>>> print(open('entry-v4.txt').read())   # compact mmCIF, C-alpha atoms
# COMPACT_ATOMS: atom_id res chain seq x y z
CA MET I 1 -39.55 -41.78 -45.59
CA SER I 2 -37.65 -38.59 -46.54
CA THR I 3 -35.86 -36.37 -44.03
CA VAL I 4 -38.54 -33.70 -44.56
CA ASP I 5 -41.32 -36.23 -43.88
CA ILE I 6 -39.61 -37.41 -40.70
CA LYS I 7 -39.24 -33.80 -39.48
CA GLN I 8 -42.90 -33.09 -40.21
CA GLN I 9 -43.96 -36.28 -38.44
CA ARG I 10 -41.87 -35.43 -35.37
CA ARG I 11 -43.28 -31.92 -35.28
CA LYS I 12 -46.86 -33.21 -35.54
CA GLN I 13 -46.24 -35.70 -32.74
CA PHE I 14 -44.93 -32.86 -30.59
CA GLU I 15 -47.81 -30.54 -31.53
CA ASP I 16 -50.33 -33.24 -30.58
CA VAL I 17 -49.05 -33.00 -27.00
CA PHE I 18 -49.82 -29.26 -27.02
CA THR I 19 -53.42 -30.00 -28.00
CA ARG I 20 -53.71 -32.31 -25.00
CA ILE I 21 -52.16 -29.93 -22.45
CA ARG I 22 -54.02 -26.93 -23.91
CA ASN I 23 -57.30 -28.80 -23.41
CA GLU I 24 -56.28 -29.74 -19.87
CA LEU I 25 -55.49 -26.10 -19.06
CA ILE I 26 -58.89 -25.05 -20.42
CA GLU I 27 -60.62 -27.77 -18.38
CA HIS I 28 -58.84 -26.47 -15.28
CA MET I 29 -60.18 -22.96 -15.98
CA GLN I 30 -63.67 -24.40 -16.35
CA GLY I 31 -63.19 -26.31 -13.09
CA GLU I 32 -62.39 -22.99 -11.39
CA LYS I 33 -65.84 -21.78 -12.55
CA MET I 34 -64.33 -19.10 -14.77
CA PRO I 35 -66.93 -17.28 -16.92
CA GLN I 36 -67.17 -18.73 -20.42
CA GLU I 37 -65.93 -15.45 -21.92
CA ALA I 38 -62.73 -15.71 -19.84
CA VAL I 39 -62.26 -19.38 -20.74
CA GLU I 40 -62.55 -18.54 -24.44
CA TRP I 41 -60.10 -15.64 -24.03
CA TYR I 42 -57.53 -17.92 -22.36
CA HIS I 43 -58.05 -20.51 -25.09
CA ARG I 44 -57.33 -17.87 -27.72
CA ASN I 45 -54.30 -16.60 -25.76
CA LEU I 46 -52.80 -20.11 -25.69
CA ASP I 47 -53.52 -20.87 -29.35
CA PHE I 48 -52.27 -17.51 -30.61
CA ASN I 49 -49.05 -17.26 -28.61
CA VAL I 50 -47.69 -20.72 -27.81
CA PRO I 51 -47.59 -23.14 -30.79
CA GLY I 52 -46.75 -20.92 -33.77
CA GLY I 53 -42.94 -20.72 -33.67
CA LYS I 54 -40.13 -22.97 -34.83
CA LEU I 55 -40.51 -25.02 -31.58
CA ASN I 56 -36.75 -25.68 -31.50
CA ARG I 57 -36.50 -25.11 -27.75
CA GLY I 58 -39.33 -27.46 -26.89
CA MET I 59 -38.49 -30.22 -29.34
CA SER I 60 -34.87 -30.12 -28.18
CA VAL I 61 -35.97 -31.53 -24.81
CA VAL I 62 -37.42 -34.58 -26.59
CA ASP I 63 -34.35 -34.90 -28.84
CA SER I 64 -32.00 -34.68 -25.85
CA VAL I 65 -33.94 -37.26 -23.80
CA GLU I 66 -33.88 -39.68 -26.76
CA ILE I 67 -30.13 -39.19 -27.22
CA LEU I 68 -29.38 -39.61 -23.51
CA ARG I 69 -31.53 -42.73 -23.20
CA GLY I 70 -30.11 -44.14 -26.42
CA ARG I 71 -33.40 -45.67 -27.54
CA GLN I 72 -36.95 -44.92 -28.62
CA LEU I 73 -39.00 -43.51 -25.77
CA THR I 74 -42.04 -45.17 -24.25
CA ASP I 75 -45.31 -43.28 -24.64
CA ASP I 76 -45.08 -41.99 -21.06
CA GLU I 77 -41.42 -40.95 -21.46
CA TYR I 78 -42.25 -39.15 -24.70
CA PHE I 79 -45.22 -37.34 -23.18
CA LYS I 80 -43.25 -36.15 -20.16
CA ALA I 81 -40.31 -34.99 -22.29
CA ALA I 82 -42.68 -33.18 -24.68
CA LEU I 83 -44.55 -31.67 -21.74
CA LEU I 84 -41.30 -30.18 -20.42
CA GLY I 85 -40.67 -28.93 -23.96
CA TRP I 86 -44.05 -27.23 -24.06
CA CYS I 87 -43.32 -25.65 -20.67
CA ILE I 88 -40.32 -23.97 -22.35
CA GLU I 89 -42.58 -22.85 -25.20
CA LEU I 90 -44.98 -21.38 -22.60
CA LEU I 91 -42.03 -19.55 -21.04
CA GLN I 92 -41.02 -18.31 -24.49
CA ALA I 93 -44.59 -17.09 -25.12
CA PHE I 94 -44.60 -15.27 -21.75
CA PHE I 95 -41.34 -13.53 -22.69
CA LEU I 96 -42.42 -12.64 -26.23
CA VAL I 97 -45.86 -11.25 -25.37
CA SER I 98 -44.35 -8.94 -22.74
CA ASP I 99 -41.21 -8.14 -24.76
CA ASP I 100 -43.29 -7.08 -27.77
CA MET I 101 -45.15 -4.62 -25.55
CA MET I 102 -41.91 -3.21 -24.11
CA ASP I 103 -40.46 -2.82 -27.62
CA GLN I 104 -43.77 -1.72 -29.19
CA SER I 105 -43.12 -4.31 -31.90
CA ILE I 106 -45.49 -4.65 -34.85
CA THR I 107 -45.43 -8.29 -35.91
CA ARG I 108 -44.35 -11.63 -34.48
CA ARG I 109 -44.21 -14.95 -36.36
CA GLY I 110 -45.80 -13.37 -39.41
CA GLN I 111 -48.88 -12.05 -37.58
CA PRO I 112 -49.67 -8.99 -35.44
CA CYS I 113 -48.17 -9.01 -31.94
CA TRP I 114 -50.77 -10.18 -29.40
CA TYR I 115 -51.18 -6.75 -27.76
CA ARG I 116 -51.95 -5.29 -31.21
CA VAL I 117 -54.82 -7.73 -31.86
CA GLU I 118 -58.14 -5.90 -31.74
CA GLY I 119 -59.55 -5.77 -28.23
CA VAL I 120 -56.40 -7.07 -26.49
CA GLY I 121 -54.18 -4.05 -25.75
CA ASP I 122 -52.91 -3.93 -22.14
CA ILE I 123 -54.81 -7.12 -21.23
CA ALA I 124 -51.80 -8.80 -22.84
CA ILE I 125 -49.86 -8.03 -19.63
CA ASN I 126 -52.08 -10.34 -17.60
CA ASP I 127 -52.21 -12.81 -20.48
CA SER I 128 -48.41 -13.10 -20.32
CA PHE I 129 -48.61 -13.82 -16.56
CA MET I 130 -51.12 -16.59 -17.23
CA LEU I 131 -48.85 -18.18 -19.80
CA GLU I 132 -46.07 -18.32 -17.23
CA ALA I 133 -48.36 -19.63 -14.46
CA ALA I 134 -49.46 -22.51 -16.70
CA ILE I 135 -45.89 -23.88 -16.50
CA TYR I 136 -46.08 -24.44 -12.76
CA HIS I 137 -49.59 -25.85 -12.92
CA LEU I 138 -48.39 -28.48 -15.41
CA LEU I 139 -45.17 -29.27 -13.52
CA LYS I 140 -47.13 -29.83 -10.31
CA LYS I 141 -49.71 -32.00 -12.04
CA TYR I 142 -47.24 -34.32 -13.81
CA PHE I 143 -43.96 -34.22 -11.86
CA ARG I 144 -44.78 -33.59 -8.20
CA SER I 145 -44.07 -37.22 -7.27
CA GLU I 146 -40.75 -37.33 -9.15
CA ALA I 147 -37.46 -37.13 -7.24
CA TYR I 148 -36.28 -34.39 -9.61
CA TYR I 149 -39.41 -32.17 -9.23
CA VAL I 150 -37.58 -29.50 -7.21
CA HIS I 151 -34.78 -29.45 -9.79
CA LEU I 152 -37.38 -28.70 -12.50
CA LEU I 153 -38.88 -25.88 -10.44
CA GLU I 154 -35.45 -24.40 -9.76
CA LEU I 155 -34.45 -24.61 -13.42
CA PHE I 156 -37.57 -22.70 -14.54
CA HIS I 157 -37.39 -20.14 -11.71
CA ASP I 158 -33.64 -19.54 -12.09
CA THR I 159 -33.81 -19.31 -15.87
CA THR I 160 -36.74 -16.89 -15.76
CA TYR I 161 -34.87 -14.67 -13.29
CA GLN I 162 -31.68 -14.77 -15.40
CA THR I 163 -33.65 -13.85 -18.53
CA GLU I 164 -35.29 -10.93 -16.75
CA MET I 165 -31.86 -9.74 -15.56
CA GLY I 166 -30.72 -9.74 -19.18
CA GLN I 167 -33.87 -7.91 -20.24
CA LEU I 168 -33.27 -5.24 -17.59
CA VAL I 169 -29.71 -4.57 -18.77
CA ASP I 170 -30.95 -4.51 -22.37
CA LEU I 171 -33.72 -2.02 -21.60
CA ILE I 172 -31.60 0.41 -19.57
CA THR I 173 -28.63 0.17 -21.95
CA ALA I 174 -30.75 0.94 -24.99
CA PRO I 175 -33.97 2.81 -24.12
CA GLU I 176 -35.91 3.65 -27.26
CA ASP I 177 -36.38 7.30 -26.31
CA HIS I 178 -32.73 8.08 -25.49
CA VAL I 179 -29.91 7.09 -27.83
CA ASP I 180 -26.45 6.96 -26.24
CA LEU I 181 -24.11 4.71 -28.19
CA SER I 182 -21.35 5.23 -25.62
CA LYS I 183 -23.27 2.75 -23.44
CA PHE I 184 -22.85 0.06 -26.09
CA SER I 185 -19.97 -2.42 -26.30
CA LEU I 186 -19.40 -5.99 -27.44
CA GLU I 187 -18.85 -6.91 -23.75
CA LYS I 188 -22.23 -5.45 -22.77
CA HIS I 189 -23.82 -7.25 -25.71
CA ALA I 190 -22.27 -10.56 -24.58
CA PHE I 191 -23.72 -10.12 -21.08
CA ILE I 192 -27.20 -9.33 -22.37
CA VAL I 193 -27.11 -12.29 -24.76
CA GLN I 194 -25.98 -14.74 -22.10
CA TYR I 195 -28.66 -13.74 -19.64
CA LYS I 196 -31.49 -12.82 -21.99
CA THR I 197 -31.15 -15.68 -24.48
CA ALA I 198 -28.58 -18.40 -23.80
CA TYR I 199 -29.91 -19.70 -20.48
CA TYR I 200 -33.52 -20.16 -21.56
CA SER I 201 -33.00 -20.94 -25.23
CA PHE I 202 -30.21 -23.49 -24.85
CA TYR I 203 -29.21 -24.54 -21.35
CA LEU I 204 -32.78 -25.00 -20.10
CA SER I 205 -33.74 -27.60 -22.75
CA VAL I 206 -30.69 -29.76 -22.10
CA ALA I 207 -30.72 -29.41 -18.30
CA LEU I 208 -34.39 -30.45 -18.16
CA ALA I 209 -33.64 -33.49 -20.31
CA MET I 210 -30.66 -34.37 -18.09
CA ARG I 211 -32.80 -34.17 -14.94
CA ALA I 212 -35.56 -36.25 -16.53
CA CYS I 213 -32.95 -38.91 -17.41
CA GLY I 214 -31.44 -38.96 -13.93
CA VAL I 215 -28.07 -37.44 -14.84
CA PRO I 216 -26.40 -36.72 -11.46
CA ASP I 217 -24.49 -33.58 -10.50
CA LEU I 218 -21.24 -35.56 -10.51
CA TYR I 219 -20.02 -38.86 -11.98
CA THR I 220 -16.78 -40.62 -12.91
CA LEU I 221 -16.03 -41.85 -16.43
CA GLY I 222 -12.75 -43.41 -17.50
CA GLY I 223 -11.12 -42.28 -14.29
CA GLU I 224 -12.20 -38.68 -14.88
CA THR I 225 -14.63 -36.80 -12.62
CA ILE I 226 -17.34 -35.08 -14.66
CA GLU I 227 -19.64 -32.27 -13.51
CA PRO I 228 -22.18 -32.64 -16.36
CA TYR I 229 -24.28 -29.54 -15.68
CA LYS I 230 -21.18 -27.33 -15.63
CA VAL I 231 -19.94 -28.99 -18.82
CA ALA I 232 -23.32 -28.43 -20.48
CA LEU I 233 -23.33 -24.77 -19.44
CA SER I 234 -19.79 -24.23 -20.75
CA ILE I 235 -20.94 -25.33 -24.23
CA LEU I 236 -24.51 -24.04 -24.33
CA LEU I 237 -23.73 -20.45 -23.32
CA PRO I 238 -21.37 -19.92 -26.30
CA LEU I 239 -23.93 -21.74 -28.47
CA GLY I 240 -26.61 -19.33 -27.23
CA GLU I 241 -24.38 -16.35 -27.97
CA TYR I 242 -23.86 -17.63 -31.52
CA PHE I 243 -27.63 -18.08 -31.93
CA GLN I 244 -28.38 -14.51 -30.77
CA ILE I 245 -25.71 -13.02 -33.01
CA GLN I 246 -27.38 -14.91 -35.88
CA ASP I 247 -30.68 -13.33 -34.81
CA ASP I 248 -29.12 -9.86 -34.70
CA PHE I 249 -27.65 -10.32 -38.16
CA LEU I 250 -30.91 -11.70 -39.61
CA ASP I 251 -32.85 -8.75 -38.15
CA TYR I 252 -30.71 -6.58 -40.42
CA ALA I 253 -30.13 -8.89 -43.39
CA GLY I 254 -33.25 -11.10 -43.45
CA THR I 255 -36.58 -10.31 -45.11
CA PRO I 256 -39.90 -10.31 -43.17
CA GLU I 257 -40.99 -13.34 -45.21
CA GLN I 258 -37.80 -15.14 -44.24
CA ILE I 259 -37.67 -14.36 -40.51
CA GLY I 260 -41.40 -13.97 -39.78
CA LYS I 261 -41.18 -10.41 -38.48
CA ILE I 262 -40.16 -6.91 -39.49
CA GLY I 263 -36.61 -6.22 -38.35
CA THR I 264 -36.68 -3.29 -35.91
CA ASP I 265 -33.32 -3.42 -34.09
CA ILE I 266 -31.98 -0.27 -35.78
CA VAL I 267 -35.04 1.93 -35.17
CA ASP I 268 -35.53 0.44 -31.67
CA ASN I 269 -31.99 1.44 -30.59
CA LYS I 270 -31.10 -2.19 -29.82
CA CYS I 271 -27.69 -3.09 -28.40
CA SER I 272 -27.23 -5.45 -31.34
CA TRP I 273 -24.09 -7.27 -32.49
CA CYS I 274 -24.37 -5.38 -35.78
CA VAL I 275 -24.12 -1.88 -34.29
CA ASN I 276 -21.44 -2.97 -31.82
CA ILE I 277 -19.29 -4.29 -34.67
CA ALA I 278 -19.89 -1.02 -36.54
CA LEU I 279 -18.89 0.99 -33.46
CA SER I 280 -15.74 -1.07 -32.99
CA VAL I 281 -14.44 -0.39 -36.53
CA ALA I 282 -16.01 3.00 -37.40
CA THR I 283 -13.94 5.93 -38.57
CA PRO I 284 -14.75 9.29 -36.90
CA GLU I 285 -16.97 10.14 -39.88
CA GLN I 286 -18.80 6.81 -39.67
CA ARG I 287 -19.21 7.20 -35.91
CA LYS I 288 -20.89 10.56 -36.53
CA ILE I 289 -23.32 8.86 -38.95
CA LEU I 290 -24.09 6.20 -36.33
CA ASP I 291 -24.69 8.81 -33.59
CA GLU I 292 -26.98 10.89 -35.81
CA ASN I 293 -29.03 8.08 -37.36
CA TYR I 294 -29.14 5.00 -35.10
CA GLY I 295 -32.21 4.44 -32.95
CA ARG I 296 -34.43 6.93 -34.79
CA LYS I 297 -37.99 6.12 -35.88
CA ASP I 298 -37.19 7.29 -39.38
CA ALA I 299 -37.02 5.02 -42.44
CA ALA I 300 -34.43 7.22 -44.19
CA LYS I 301 -32.12 7.14 -41.16
CA GLU I 302 -32.59 3.39 -40.88
CA ALA I 303 -31.57 3.07 -44.55
CA THR I 304 -28.48 5.20 -43.82
CA ILE I 305 -27.42 2.80 -41.05
CA LYS I 306 -27.99 -0.22 -43.32
CA ALA I 307 -25.85 1.43 -46.00
CA LEU I 308 -23.11 1.98 -43.42
CA TYR I 309 -23.30 -1.71 -42.43
CA GLU I 310 -22.71 -2.60 -46.09
CA GLU I 311 -19.85 -0.10 -46.24
CA ILE I 312 -17.98 -1.73 -43.35
CA GLY I 313 -18.51 -5.22 -44.85
CA LEU I 314 -20.79 -6.49 -42.11
CA ARG I 315 -21.95 -9.50 -44.16
CA GLU I 316 -18.38 -10.73 -44.60
CA ARG I 317 -17.55 -10.01 -40.95
CA TYR I 318 -20.54 -12.14 -39.96
CA LYS I 319 -19.38 -15.05 -42.13
CA VAL I 320 -15.95 -14.93 -40.47
CA TYR I 321 -17.57 -14.79 -37.01
CA GLU I 322 -19.87 -17.73 -37.80
CA GLU I 323 -17.05 -20.02 -38.88
CA SER I 324 -14.90 -19.14 -35.86
CA ALA I 325 -17.86 -19.71 -33.49
CA LYS I 326 -18.54 -23.11 -35.07
CA LYS I 327 -14.90 -24.20 -34.66
CA ARG I 328 -14.78 -23.01 -31.04
CA ILE I 329 -17.99 -24.87 -30.11
CA ASP I 330 -16.89 -28.03 -31.96
CA LYS I 331 -13.69 -28.01 -29.90
CA LEU I 332 -15.64 -27.72 -26.63
CA ILE I 333 -17.89 -30.62 -27.62
CA GLU I 334 -14.90 -32.83 -28.51
CA GLN I 335 -13.61 -32.47 -24.94
CA ILE I 336 -16.61 -34.35 -23.46
CA PRO I 337 -15.56 -37.92 -22.55
CA GLU I 338 -17.77 -40.31 -24.52
CA PRO I 339 -19.47 -43.21 -22.67
CA GLU I 340 -19.38 -46.71 -24.12
CA ALA I 341 -22.10 -47.63 -26.61
CA GLY I 342 -25.29 -48.77 -24.92
CA THR I 343 -24.70 -46.72 -21.77
CA ASN I 344 -27.99 -45.65 -20.19
CA GLY I 345 -29.27 -42.09 -19.91
CA SER I 346 -27.38 -41.07 -16.78
CA VAL I 347 -24.26 -39.66 -18.50
CA LEU I 348 -23.66 -36.81 -20.92
CA LYS I 349 -23.19 -37.49 -24.66
CA ARG I 350 -21.62 -35.29 -27.33
CA GLU I 351 -24.55 -35.89 -29.67
CA VAL I 352 -26.78 -33.75 -27.43
CA PHE I 353 -24.69 -30.72 -28.36
CA THR I 354 -23.88 -31.57 -31.98
CA THR I 355 -27.63 -31.93 -32.62
CA PHE I 356 -28.19 -28.42 -31.26
CA LEU I 357 -25.31 -26.96 -33.26
CA ASN I 358 -26.42 -28.62 -36.51
CA LYS I 359 -29.92 -27.16 -36.09
CA ILE I 360 -28.68 -23.58 -36.05
CA TYR I 361 -25.46 -23.58 -38.10
CA LYS I 362 -25.95 -21.34 -41.14
CA ARG I 363 -29.66 -20.91 -40.42
CA THR I 364 -31.48 -18.25 -42.42
CA LYS I 365 -34.63 -17.81 -40.32
>>> encode(input="entry-v4.txt", output="structure tokens")
Amino acid sequence: MSTVDIKQQRRKQFEDVFTRIRNELIEHMQGEKMPQEAVEWYHRNLDFNVPGGKLNRGMSVVDSVEILRGRQLTDDEYFKAALLGWCIELLQAFFLVSDDMMDQSITRRGQPCWYRVEGVGDIAINDSFMLEAAIYHLLKKYFRSEAYYVHLLELFHDTTYQTEMGQLVDLITAPEDHVDLSKFSLEKHAFIVQYKTAYYSFYLSVALAMRACGVPDLYTLGGETIEPYKVALSILLPLGEYFQIQDDFLDYAGTPEQIGKIGTDIVDNKCSWCVNIALSVATPEQRKILDENYGRKDAAKEATIKALYEEIGLRERYKVYEESAKKRIDKLIEQIPEPEAGTNGSVLKREVFTTFLNKIYKRTK
């Protein structure tokens, strides 16, 4: 079987779990005596917003559990790992539905944003709440008797709060109706990225897998005391920053067909890596161009900013950044003490992180 076939098979296996939990969520709505119209609406909300993305966050839980356990999972182990993965995808859907409204975005994943679908509008606000609430319904149903149940709850609550903190700083740093590039900096960008993206897109997947595999807060290996969750965080936050900088660059350099959406960071006045790099190297004349054209809902001004990005060699600067980020993350991973072959799932393994890094290195969508 080819690598492509294996990937497709793994994705289908993961998607089959969504079908099961989606049906269970619908049955719960019916059990609450919800009107049929509301049940159908919720069904459409789930189908439209949850399964359509790359599914990297969700499938990474399954990948990480398999790596930590060092063997093929039983059916129950697979289902529970995939369920945790789909809870992350529900969280992602909650964030994206609401974020698209805040940004007044046009498309998402190659289709209209949910709030722009005919008849939806502001109902999307409540729909986003229901996507988030589904997480806790599923966790209670399947994990309430597990010793690590509270850890799962805390991970989802803490990560949601951290992401919302990042969103707040993003929104007040770069409001669409008031452009002030003096508020921007690479340091501010790094904070927003860590809180808005890295925790939920990277740390959450691995930490959930670690809890499901019984990895303790502290263990000793080869005479060395390891704090695995701190180690994971020290690698996954820089990995998350790298991922978001890729996203920022692709918003500028990628096509809608390639990235599944129309890039809007320039016209939306986003505190993007691209504009922060431009600000850090701009001549006084280039800074004037940035101040006069960035963050305007004007195609000609957007084109002016893109031309300036080309002028400062942003593509080459990105290539240099990407290689340095890869080397830095590789070095962090190499510092993890490796357990002996055949060790069970209760200790950290480098492969968890190399798998993540290999998925995103030099990605183009």
>>> closest_atom_pairs(input="entry-v4.txt", of="region 64-136 of chain I", to="region 9-19 of chain I", cutoff="12 Å", atoms="all atoms listed in the file", output="Markdown table")
| residue | atom | partner | partner_atom | distance |
| --- | --- | --- | --- | --- |
| I:Asp75 | CA | I:Gln13 | CA | 11.1 |
| I:Asp76 | CA | I:Val17 | CA | 11.5 |
| I:Tyr78 | CA | I:Phe14 | CA | 9.0 |
| I:Phe79 | CA | I:Val17 | CA | 6.9 |
| I:Lys80 | CA | I:Val17 | CA | 9.5 |
| I:Ala81 | CA | I:Phe14 | CA | 9.7 |
| I:Ala82 | CA | I:Phe14 | CA | 6.3 |
| I:Leu83 | CA | I:Val17 | CA | 7.0 |
| I:Leu84 | CA | I:Val17 | CA | 10.6 |
| I:Gly85 | CA | I:Phe14 | CA | 8.8 |
| I:Trp86 | CA | I:Phe18 | CA | 6.8 |
| I:Cys87 | CA | I:Phe18 | CA | 9.8 |
| I:Ile88 | CA | I:Phe18 | CA | 11.8 |
| I:Glu89 | CA | I:Phe18 | CA | 9.8 |
| I:Leu90 | CA | I:Phe18 | CA | 10.2 |
>>> atom_distance(input="entry-v4.txt", atom1="CA of Ser201 (chain I)", atom2="CA of Gln92 (chain I)")
8.5 Å
>>> residues_around(input="entry-v4.txt", residues="region 288-297 of chain I", least_positions_apart="3", cutoff="12 Å", atoms="only C-alpha atoms", output="PyMOL selection string")
chain I and resi 104+174-184+264-272+274-285+300-309
>>> closest_residue(input="entry-v4.txt", among="I:Ser205, I:Ser98, I:Gln111, I:Thr354", to="Ile333 (chain I)", atoms="only C-alpha atoms")
I:Thr354
>>> residues_around(input="entry-v4.txt", residues="Ile226 (chain I)", least_positions_apart="3", cutoff="10 Å", atoms="only C-alpha atoms", output="number ranges by chain")
I: 216-223, 229-231, 336-337, 347-348
>>> atom_distance(input="entry-v4.txt", atom1="CA of Pro35 (chain I)", atom2="CA of Arg144 (chain I)")
28.9 Å
>>> residues_around(input="entry-v4.txt", residues="Val352 (chain I)", least_positions_apart="4", cutoff="10 Å", atoms="only C-alpha atoms", output="list in words")
Ser60, Val61, Asp63, Ser64, Val65, Glu66, Ile67, Leu68, Val206, Ala209, Ala232, Ile333, Leu348, Phe356 and Leu357 of chain I
>>> atom_distance(input="entry-v4.txt", atom1="CA of Leu139 (chain I)", atom2="CA of Leu239 (chain I)")
27.0 Å
>>> closest_residue(input="entry-v4.txt", among="I:Leu25, I:Leu171, I:Leu237, I:Val4", to="Asp103 (chain I)", atoms="only C-alpha atoms")
I:Leu171
>>> axis_aligned_box(input="entry-v4.txt", around="region 322-338 of chain I", padding_each_side="6 Å", output="lines of an AutoDock Vina configuration file")
center_x = -16.7
center_y = -29.0
center_z = -30.7
size_x = 18.3
size_y = 34.6
size_z = 28.3
>>> closest_residue(input="entry-v4.txt", among="I:Pro256, I:Gly263, I:Gly110, I:Gly240", to="Ile329 (chain I)", atoms="only C-alpha atoms")
I:Gly240
>>> closest_residue(input="entry-v4.txt", among="I:Lys188, I:Arg211, I:Arg287, I:Arg44", to="His151 (chain I)", atoms="only C-alpha atoms")
I:Arg211
>>> closest_residue(input="entry-v4.txt", among="I:Arg109, I:Lys54, I:His137, I:Lys7", to="Ile26 (chain I)", atoms="only C-alpha atoms")
I:His137
>>> residues_around(input="entry-v4.txt", residues="Arg108 (chain I)", least_positions_apart="5", cutoff="12 Å", atoms="all atoms listed in the file", output="list in words")
Phe48, Asn49, Val50, Gly52, Gly53, Ala93, Leu96, Val97, Asp99, Asp100, Met101, Asp103, Cys113, Trp114, Tyr115, Arg116, Val117, Pro256, Glu257, Ile259, Gly260, Lys261, Ile262, Gly263 and Thr264 of chain I
>>> residues_near_point(input="entry-v4.txt", point="(-20.9, -9.0, -42.5)", cutoff="12 Å", atoms="all atoms listed in the file", output="compact mmCIF listing (two decimals) with C-alpha atoms, keeping the file's coordinate frame")
# COMPACT_ATOMS: atom_id res chain seq x y z
CA ILE I 245 -25.71 -13.02 -33.01
CA GLN I 246 -27.38 -14.91 -35.88
CA ASP I 248 -29.12 -9.86 -34.70
CA PHE I 249 -27.65 -10.32 -38.16
CA LEU I 250 -30.91 -11.70 -39.61
CA TYR I 252 -30.71 -6.58 -40.42
CA ALA I 253 -30.13 -8.89 -43.39
CA TRP I 273 -24.09 -7.27 -32.49
CA CYS I 274 -24.37 -5.38 -35.78
CA VAL I 275 -24.12 -1.88 -34.29
CA ILE I 277 -19.29 -4.29 -34.67
CA ALA I 278 -19.89 -1.02 -36.54
CA LYS I 306 -27.99 -0.22 -43.32
CA LEU I 308 -23.11 1.98 -43.42
CA TYR I 309 -23.30 -1.71 -42.43
CA GLU I 310 -22.71 -2.60 -46.09
CA GLU I 311 -19.85 -0.10 -46.24
CA ILE I 312 -17.98 -1.73 -43.35
CA GLY I 313 -18.51 -5.22 -44.85
CA LEU I 314 -20.79 -6.49 -42.11
CA ARG I 315 -21.95 -9.50 -44.16
CA GLU I 316 -18.38 -10.73 -44.60
CA ARG I 317 -17.55 -10.01 -40.95
CA TYR I 318 -20.54 -12.14 -39.96
CA LYS I 319 -19.38 -15.05 -42.13
CA VAL I 320 -15.95 -14.93 -40.47
CA TYR I 321 -17.57 -14.79 -37.01
CA GLU I 322 -19.87 -17.73 -37.80
>>> closest_residue(input="entry-v4.txt", among="I:Val169, I:Thr225, I:Asp298, I:Leu208", to="Glu154 (chain I)", atoms="only C-alpha atoms")
I:Leu208
